[in-house]
>>> print(open('run_17.pdb').read())   # PDB, N, CA and C atoms
ATOM      1  N   SER A 242     141.836 104.219  75.626
ATOM      2  CA  SER A 242     142.839 104.609  74.642
ATOM      3  C   SER A 242     142.693 103.759  73.386
ATOM      4  N   CYS A 243     143.230 104.256  72.317
ATOM      5  CA  CYS A 243     143.171 103.534  71.038
ATOM      6  C   CYS A 243     143.941 102.221  71.112
ATOM      7  N   GLN A 244     145.033 102.216  71.865
ATOM      8  CA  GLN A 244     145.820 100.980  71.980
ATOM      9  C   GLN A 244     145.003  99.902  72.675
ATOM     10  N   TRP A 245     144.323 100.251  73.753
ATOM     11  CA  TRP A 245     143.492  99.275  74.446
ATOM     12  C   TRP A 245     142.377  98.783  73.532
ATOM     13  N   GLN A 246     141.743  99.696  72.810
ATOM     14  CA  GLN A 246     140.655  99.322  71.912
ATOM     15  C   GLN A 246     141.141  98.395  70.803
ATOM     16  N   LEU A 247     142.333  98.657  70.282
ATOM     17  CA  LEU A 247     142.900  97.788  69.253
ATOM     18  C   LEU A 247     143.156  96.390  69.828
ATOM     19  N   GLY A 248     143.663  96.347  71.045
ATOM     20  CA  GLY A 248     143.856  95.056  71.701
ATOM     21  C   GLY A 248     142.538  94.314  71.863
ATOM     22  N   GLU A 249     141.492  95.022  72.240
ATOM     23  CA  GLU A 249     140.170  94.412  72.389
ATOM     24  C   GLU A 249     139.668  93.843  71.056
ATOM     25  N   ILE A 250     139.946  94.547  69.969
ATOM     26  CA  ILE A 250     139.537  94.083  68.638
ATOM     27  C   ILE A 250     140.188  92.744  68.334
ATOM     28  N   TYR A 251     141.488  92.626  68.625
ATOM     29  CA  TYR A 251     142.196  91.363  68.364
ATOM     30  C   TYR A 251     141.772  90.258  69.331
ATOM     31  N   LEU A 252     141.421  90.594  70.554
ATOM     32  CA  LEU A 252     140.931  89.577  71.489
ATOM     33  C   LEU A 252     139.599  89.001  71.031
ATOM     34  N   ALA A 253     138.735  89.864  70.548
ATOM     35  CA  ALA A 253     137.391  89.442  70.158
ATOM     36  C   ALA A 253     137.304  88.969  68.707
ATOM     37  N   GLY A 254     138.306  89.310  67.900
ATOM     38  CA  GLY A 254     138.256  88.946  66.493
ATOM     39  C   GLY A 254     137.224  89.737  65.711
ATOM     40  N   ARG A 255     137.074  91.008  66.064
ATOM     41  CA  ARG A 255     136.116  91.864  65.357
ATOM     42  C   ARG A 255     136.741  92.400  64.070
ATOM     43  N   GLY A 256     136.409  91.741  62.955
ATOM     44  CA  GLY A 256     136.929  92.163  61.661
ATOM     45  C   GLY A 256     138.333  91.676  61.373
ATOM     46  N   VAL A 257     138.929  90.975  62.316
ATOM     47  CA  VAL A 257     140.282  90.419  62.173
ATOM     48  C   VAL A 257     140.284  89.027  62.795
ATOM     49  N   ASP A 258     141.314  88.255  62.506
ATOM     50  CA  ASP A 258     141.462  86.970  63.179
ATOM     51  C   ASP A 258     141.801  87.204  64.644
ATOM     52  N   VAL A 259     141.289  86.360  65.520
ATOM     53  CA  VAL A 259     141.651  86.446  66.937
ATOM     54  C   VAL A 259     143.156  86.204  67.049
ATOM     55  N   ASP A 260     143.813  87.083  67.780
ATOM     56  CA  ASP A 260     145.268  86.983  67.965
ATOM     57  C   ASP A 260     145.597  87.466  69.373
ATOM     58  N   ASP A 261     145.639  86.515  70.314
ATOM     59  CA  ASP A 261     145.878  86.873  71.708
ATOM     60  C   ASP A 261     147.212  87.572  71.911
ATOM     61  N   ALA A 262     148.255  87.095  71.233
ATOM     62  CA  ALA A 262     149.590  87.687  71.413
ATOM     63  C   ALA A 262     149.600  89.141  70.959
ATOM     64  N   LEU A 263     149.040  89.415  69.796
ATOM     65  CA  LEU A 263     149.005  90.786  69.288
ATOM     66  C   LEU A 263     148.085  91.647  70.152
ATOM     67  N   ALA A 264     146.972  91.074  70.575
ATOM     68  CA  ALA A 264     146.053  91.802  71.457
ATOM     69  C   ALA A 264     146.771  92.234  72.732
ATOM     70  N   LEU A 265     147.483  91.312  73.352
ATOM     71  CA  LEU A 265     148.165  91.636  74.604
ATOM     72  C   LEU A 265     149.308  92.623  74.405
ATOM     73  N   THR A 266     149.916  92.608  73.227
ATOM     74  CA  THR A 266     150.948  93.606  72.936
ATOM     75  C   THR A 266     150.352  95.006  73.021
ATOM     76  N   TRP A 267     149.191  95.198  72.385
ATOM     77  CA  TRP A 267     148.542  96.512  72.395
ATOM     78  C   TRP A 267     147.997  96.855  73.769
ATOM     79  N   ILE A 268     147.442  95.868  74.442
ATOM     80  CA  ILE A 268     146.885  96.108  75.773
ATOM     81  C   ILE A 268     147.984  96.482  76.753
ATOM     82  N   ARG A 269     149.139  95.817  76.667
ATOM     83  CA  ARG A 269     150.272  96.165  77.547
ATOM     84  C   ARG A 269     150.745  97.599  77.297
ATOM     85  N   LYS A 270     150.786  98.004  76.026
ATOM     86  CA  LYS A 270     151.190  99.381  75.720
ATOM     87  C   LYS A 270     150.244 100.380  76.381
ATOM     88  N   ALA A 271     148.961 100.084  76.319
ATOM     89  CA  ALA A 271     147.981 100.966  76.958
ATOM     90  C   ALA A 271     148.136 100.928  78.477
ATOM     91  N   ALA A 272     148.396  99.755  79.035
ATOM     92  CA  ALA A 272     148.565  99.619  80.485
ATOM     93  C   ALA A 272     149.780 100.407  80.972
ATOM     94  N   LEU A 273     150.825 100.437  80.179
ATOM     95  CA  LEU A 273     152.020 101.214  80.541
ATOM     96  C   LEU A 273     151.713 102.708  80.624
ATOM     97  N   GLN A 274     150.627 103.122  79.985
ATOM     98  CA  GLN A 274     150.198 104.515  80.041
ATOM     99  C   GLN A 274     149.081 104.700  81.067
ATOM    100  N   SER A 275     148.949 103.716  81.963
ATOM    101  CA  SER A 275     147.971 103.756  83.060
ATOM    102  C   SER A 275     146.525 103.799  82.583
ATOM    103  N   GLU A 276     146.225 103.103  81.498
ATOM    104  CA  GLU A 276     144.850 102.969  81.010
ATOM    105  C   GLU A 276     144.138 101.933  81.893
ATOM    106  N   PRO A 277     143.167 102.357  82.688
ATOM    107  CA  PRO A 277     142.513 101.442  83.636
ATOM    108  C   PRO A 277     141.906 100.196  82.990
ATOM    109  N   ASN A 278     141.232 100.368  81.854
ATOM    110  CA  ASN A 278     140.620  99.215  81.185
ATOM    111  C   ASN A 278     141.665  98.214  80.716
ATOM    112  N   ALA A 279     142.792  98.710  80.266
ATOM    113  CA  ALA A 279     143.871  97.824  79.825
ATOM    114  C   ALA A 279     144.440  97.051  81.016
ATOM    115  N   LEU A 280     144.611  97.726  82.135
ATOM    116  CA  LEU A 280     145.090  97.043  83.338
ATOM    117  C   LEU A 280     144.104  95.962  83.770
ATOM    118  N   GLY A 281     142.829  96.263  83.696
ATOM    119  CA  GLY A 281     141.817  95.268  84.022
ATOM    120  C   GLY A 281     141.852  94.088  83.069
ATOM    121  N   GLN A 282     142.056  94.368  81.796
ATOM    122  CA  GLN A 282     142.119  93.291  80.802
ATOM    123  C   GLN A 282     143.352  92.422  81.013
ATOM    124  N   LEU A 283     144.463  93.033  81.386
ATOM    125  CA  LEU A 283     145.657  92.236  81.706
ATOM    126  C   LEU A 283     145.404  91.364  82.924
ATOM    127  N   GLY A 284     144.717  91.911  83.901
ATOM    128  CA  GLY A 284     144.347  91.115  85.061
ATOM    129  C   GLY A 284     143.540  89.902  84.649
ATOM    130  N   GLU A 285     142.593  90.121  83.760
ATOM    131  CA  GLU A 285     141.756  89.026  83.275
ATOM    132  C   GLU A 285     142.588  87.985  82.526
ATOM    133  N   ALA A 286     143.510  88.456  81.699
ATOM    134  CA  ALA A 286     144.368  87.525  80.951
ATOM    135  C   ALA A 286     145.150  86.626  81.905
ATOM    136  N   TYR A 287     145.705  87.217  82.954
ATOM    137  CA  TYR A 287     146.465  86.417  83.916
ATOM    138  C   TYR A 287     145.557  85.543  84.774
ATOM    139  N   PHE A 288     144.348  85.980  85.040
ATOM    140  CA  PHE A 288     143.410  85.186  85.829
ATOM    141  C   PHE A 288     143.044  83.903  85.083
ATOM    142  N   VAL A 289     142.714  84.026  83.808
ATOM    143  CA  VAL A 289     142.258  82.862  83.043
ATOM    144  C   VAL A 289     143.353  82.220  82.192
ATOM    145  N   GLY A 290     144.519  82.859  82.115
ATOM    146  CA  GLY A 290     145.614  82.295  81.324
ATOM    147  C   GLY A 290     145.426  82.456  79.832
ATOM    148  N   ARG A 291     144.856  83.556  79.420
ATOM    149  CA  ARG A 291     144.653  83.804  77.989
ATOM    150  C   ARG A 291     145.839  84.573  77.421
ATOM    151  N   GLY A 292     146.660  83.867  76.652
ATOM    152  CA  GLY A 292     147.818  84.492  76.020
ATOM    153  C   GLY A 292     149.024  84.637  76.928
ATOM    154  N   VAL A 293     148.875  84.225  78.180
ATOM    155  CA  VAL A 293     149.959  84.306  79.158
ATOM    156  C   VAL A 293     149.885  83.077  80.067
ATOM    157  N   VAL A 294     150.948  82.831  80.789
ATOM    158  CA  VAL A 294     150.915  81.790  81.809
ATOM    159  C   VAL A 294     150.055  82.313  82.958
ATOM    160  N   PRO A 295     149.064  81.543  83.395
ATOM    161  CA  PRO A 295     148.196  82.033  84.473
ATOM    162  C   PRO A 295     148.995  82.393  85.727
ATOM    163  N   SER A 296     148.606  83.492  86.338
ATOM    164  CA  SER A 296     149.248  83.934  87.575
ATOM    165  C   SER A 296     148.243  84.730  88.382
ATOM    166  N   TRP A 297     147.783  84.152  89.477
ATOM    167  CA  TRP A 297     146.845  84.872  90.327
ATOM    168  C   TRP A 297     147.491  86.102  90.940
ATOM    169  N   ARG A 298     148.782  86.025  91.221
ATOM    170  CA  ARG A 298     149.494  87.175  91.789
ATOM    171  C   ARG A 298     149.491  88.344  90.800
ATOM    172  N   GLN A 299     149.817  88.048  89.542
ATOM    173  CA  GLN A 299     149.819  89.097  88.516
ATOM    174  C   GLN A 299     148.403  89.624  88.286
ATOM    175  N   ALA A 300     147.436  88.716  88.229
ATOM    176  CA  ALA A 300     146.048  89.130  88.013
ATOM    177  C   ALA A 300     145.601  90.091  89.103
ATOM    178  N   ARG A 301     145.900  89.730  90.329
ATOM    179  CA  ARG A 301     145.491  90.583  91.456
ATOM    180  C   ARG A 301     146.139  91.964  91.377
ATOM    181  N   ALA A 302     147.418  91.995  91.042
ATOM    182  CA  ALA A 302     148.132  93.276  90.950
ATOM    183  C   ALA A 302     147.520  94.165  89.865
ATOM    184  N   TYR A 303     147.238  93.576  88.708
ATOM    185  CA  TYR A 303     146.647  94.373  87.624
ATOM    186  C   TYR A 303     145.228  94.818  87.970
ATOM    187  N   TYR A 304     144.440  93.921  88.549
ATOM    188  CA  TYR A 304     143.091  94.303  88.955
ATOM    189  C   TYR A 304     143.129  95.463  89.953
ATOM    190  N   GLN A 305     144.012  95.372  90.929
ATOM    191  CA  GLN A 305     144.088  96.428  91.946
ATOM    192  C   GLN A 305     144.505  97.761  91.336
ATOM    193  N   GLN A 306     145.457  97.728  90.401
ATOM    194  CA  GLN A 306     145.859  98.972  89.729
ATOM    195  C   GLN A 306     144.687  99.572  88.960
ATOM    196  N   ALA A 307     143.946  98.717  88.263
ATOM    197  CA  ALA A 307     142.799  99.195  87.487
ATOM    198  C   ALA A 307     141.764  99.844  88.399
ATOM    199  N   ILE A 308     141.496  99.212  89.534
ATOM    200  CA  ILE A 308     140.522  99.757  90.481
ATOM    201  C   ILE A 308     140.996 101.095  91.031
ATOM    202  N   GLU A 309     142.274 101.166  91.376
ATOM    203  CA  GLU A 309     142.836 102.423  91.893
ATOM    204  C   GLU A 309     142.699 103.564  90.894
ATOM    205  N   LEU A 310     142.701 103.221  89.604
ATOM    206  CA  LEU A 310     142.581 104.241  88.560
ATOM    207  C   LEU A 310     141.135 104.456  88.118
ATOM    208  N   GLY A 311     140.193 103.844  88.846
ATOM    209  CA  GLY A 311     138.796 104.134  88.595
ATOM    210  C   GLY A 311     138.021 103.126  87.774
ATOM    211  N   CYS A 312     138.598 101.996  87.454
ATOM    212  CA  CYS A 312     137.893 100.979  86.668
ATOM    213  C   CYS A 312     137.146 100.047  87.615
ATOM    214  N   SER A 313     135.940 100.437  87.960
ATOM    215  CA  SER A 313     135.160  99.662  88.929
ATOM    216  C   SER A 313     134.632  98.350  88.342
ATOM    217  N   ASP A 314     134.668  98.210  87.023
ATOM    218  CA  ASP A 314     134.183  96.988  86.379
ATOM    219  C   ASP A 314     134.925  95.740  86.850
ATOM    220  N   VAL A 315     136.165  95.886  87.281
ATOM    221  CA  VAL A 315     136.959  94.706  87.639
ATOM    222  C   VAL A 315     136.826  94.311  89.110
ATOM    223  N   ILE A 316     136.057  95.059  89.880
ATOM    224  CA  ILE A 316     135.900  94.722  91.296
ATOM    225  C   ILE A 316     135.340  93.309  91.454
ATOM    226  N   VAL A 317     134.334  92.976  90.673
ATOM    227  CA  VAL A 317     133.737  91.645  90.754
ATOM    228  C   VAL A 317     134.756  90.574  90.365
ATOM    229  N   ARG A 318     135.557  90.859  89.349
ATOM    230  CA  ARG A 318     136.579  89.889  88.920
ATOM    231  C   ARG A 318     137.618  89.686  90.025
ATOM    232  N   LEU A 319     137.996  90.761  90.699
ATOM    233  CA  LEU A 319     138.942  90.645  91.809
ATOM    234  C   LEU A 319     138.329  89.808  92.926
ATOM    235  N   GLN A 320     137.063  90.011  93.211
ATOM    236  CA  GLN A 320     136.392  89.214  94.235
ATOM    237  C   GLN A 320     136.368  87.735  93.850
ATOM    238  N   LEU A 321     136.116  87.438  92.580
ATOM    239  CA  LEU A 321     136.144  86.049  92.113
ATOM    240  C   LEU A 321     137.537  85.445  92.246
ATOM    241  N   LEU A 322     138.537  86.234  91.937
ATOM    242  CA  LEU A 322     139.919  85.780  92.080
ATOM    243  C   LEU A 322     140.223  85.449  93.536
ATOM    244  N   ILE A 323     139.842  86.330  94.431
ATOM    245  CA  ILE A 323     140.093  86.104  95.862
ATOM    246  C   ILE A 323     139.365  84.851  96.336
ATOM    247  N   GLU A 324     138.142  84.640  95.883
ATOM    248  CA  GLU A 324     137.399  83.430  96.241
ATOM    249  C   GLU A 324     138.083  82.180  95.700
ATOM    250  N   SER A 325     138.595  82.264  94.482
ATOM    251  CA  SER A 325     139.311  81.121  93.882
ATOM    252  C   SER A 325     140.546  80.773  94.718
ATOM    253  N   ILE A 326     141.262  81.786  95.159
ATOM    254  CA  ILE A 326     142.458  81.560  95.970
ATOM    255  C   ILE A 326     142.057  80.907  97.302
ATOM    256  N   ARG A 327     140.987  81.390  97.908
ATOM    257  CA  ARG A 327     140.532  80.833  99.194
ATOM    258  C   ARG A 327     140.139  79.362  99.058
ATOM    259  N   GLN A 328     139.545  79.004  97.953
ATOM    260  CA  GLN A 328     139.099  77.629  97.759
ATOM    261  C   GLN A 328     140.281  76.667  97.607
ATOM    262  N   VAL A 329     141.382  77.180  97.097
ATOM    263  CA  VAL A 329     142.561  76.338  96.872
ATOM    264  C   VAL A 329     143.425  76.236  98.139
ATOM    265  N   THR A 330     143.450  77.286  98.926
ATOM    266  CA  THR A 330     144.324  77.286 100.109
ATOM    267  C   THR A 330     143.626  76.831 101.353
TER     268      THR A 330
END
>>> encode(input="run_17.pdb", output="structure tokens")
Amino acid sequence: SCQWQLGEIYLAGRGVDVDDALALTWIRKAALQSEPNALGQLGEAYFVGRGVVPSWRQARAYYQQAIELGCSDVIVRLQLLIESIRQVT
């Protein structure tokens, strides 16, 4: 979706200043419309704590939603998250 793409532009700083807060605003709007890539990106934000307080629980939930909607790109990220949790517990 255009909202997700706009969020990606602000995350990467393509032609604009990097702005995590504005990027996540657009990405969340896309995620509310069940955009798989946006859900995956939110998962990533929560996994690494970019623009949000890190939360493995939130990251996992967003990754799983993205996968359920067909975004297979985040499967590896979900596996890394699960491994990170195992190493800590």
>>> atom_distance(input="run_17.pdb", atom1="atom C of Leu263 of chain A", atom2="atom CA of Gln246 of chain A")
10.8 Å
>>> resolve_selection(input="run_17.pdb", expression="the PyMOL selection byres ((chain A and resi 270-278) around 6.5)", output="PyMOL selection string")
chain A and resi 242+244-245+265-269+279-283+306-308+310-312
>>> atom_distance(input="run_17.pdb", atom1="atom N of Arg301 of chain A", atom2="atom C of Ala264 of chain A")
17.8 Å
>>> closest_residue(input="run_17.pdb", among="A:Ala300, A:Ser313, A:Glu324, A:Cys243", to="Gly284 of chain A", atoms="only C-alpha atoms")
A:Ala300
>>> resolve_selection(input="run_17.pdb", expression="the PyMOL selection byres (((chain A and resi 288 and name CA) around 10) and name CA)", output="list in words")
Gln282, Leu283, Gly284, Glu285, Ala286, Tyr287, Val289, Gly290, Arg291, Val293, Val294, Pro295, Ser296, Trp297, Arg298, Gln299, Ala300, Arg301, Tyr303, Tyr304, Arg318, Leu319, Leu321, Leu322 and Ser325 of chain A
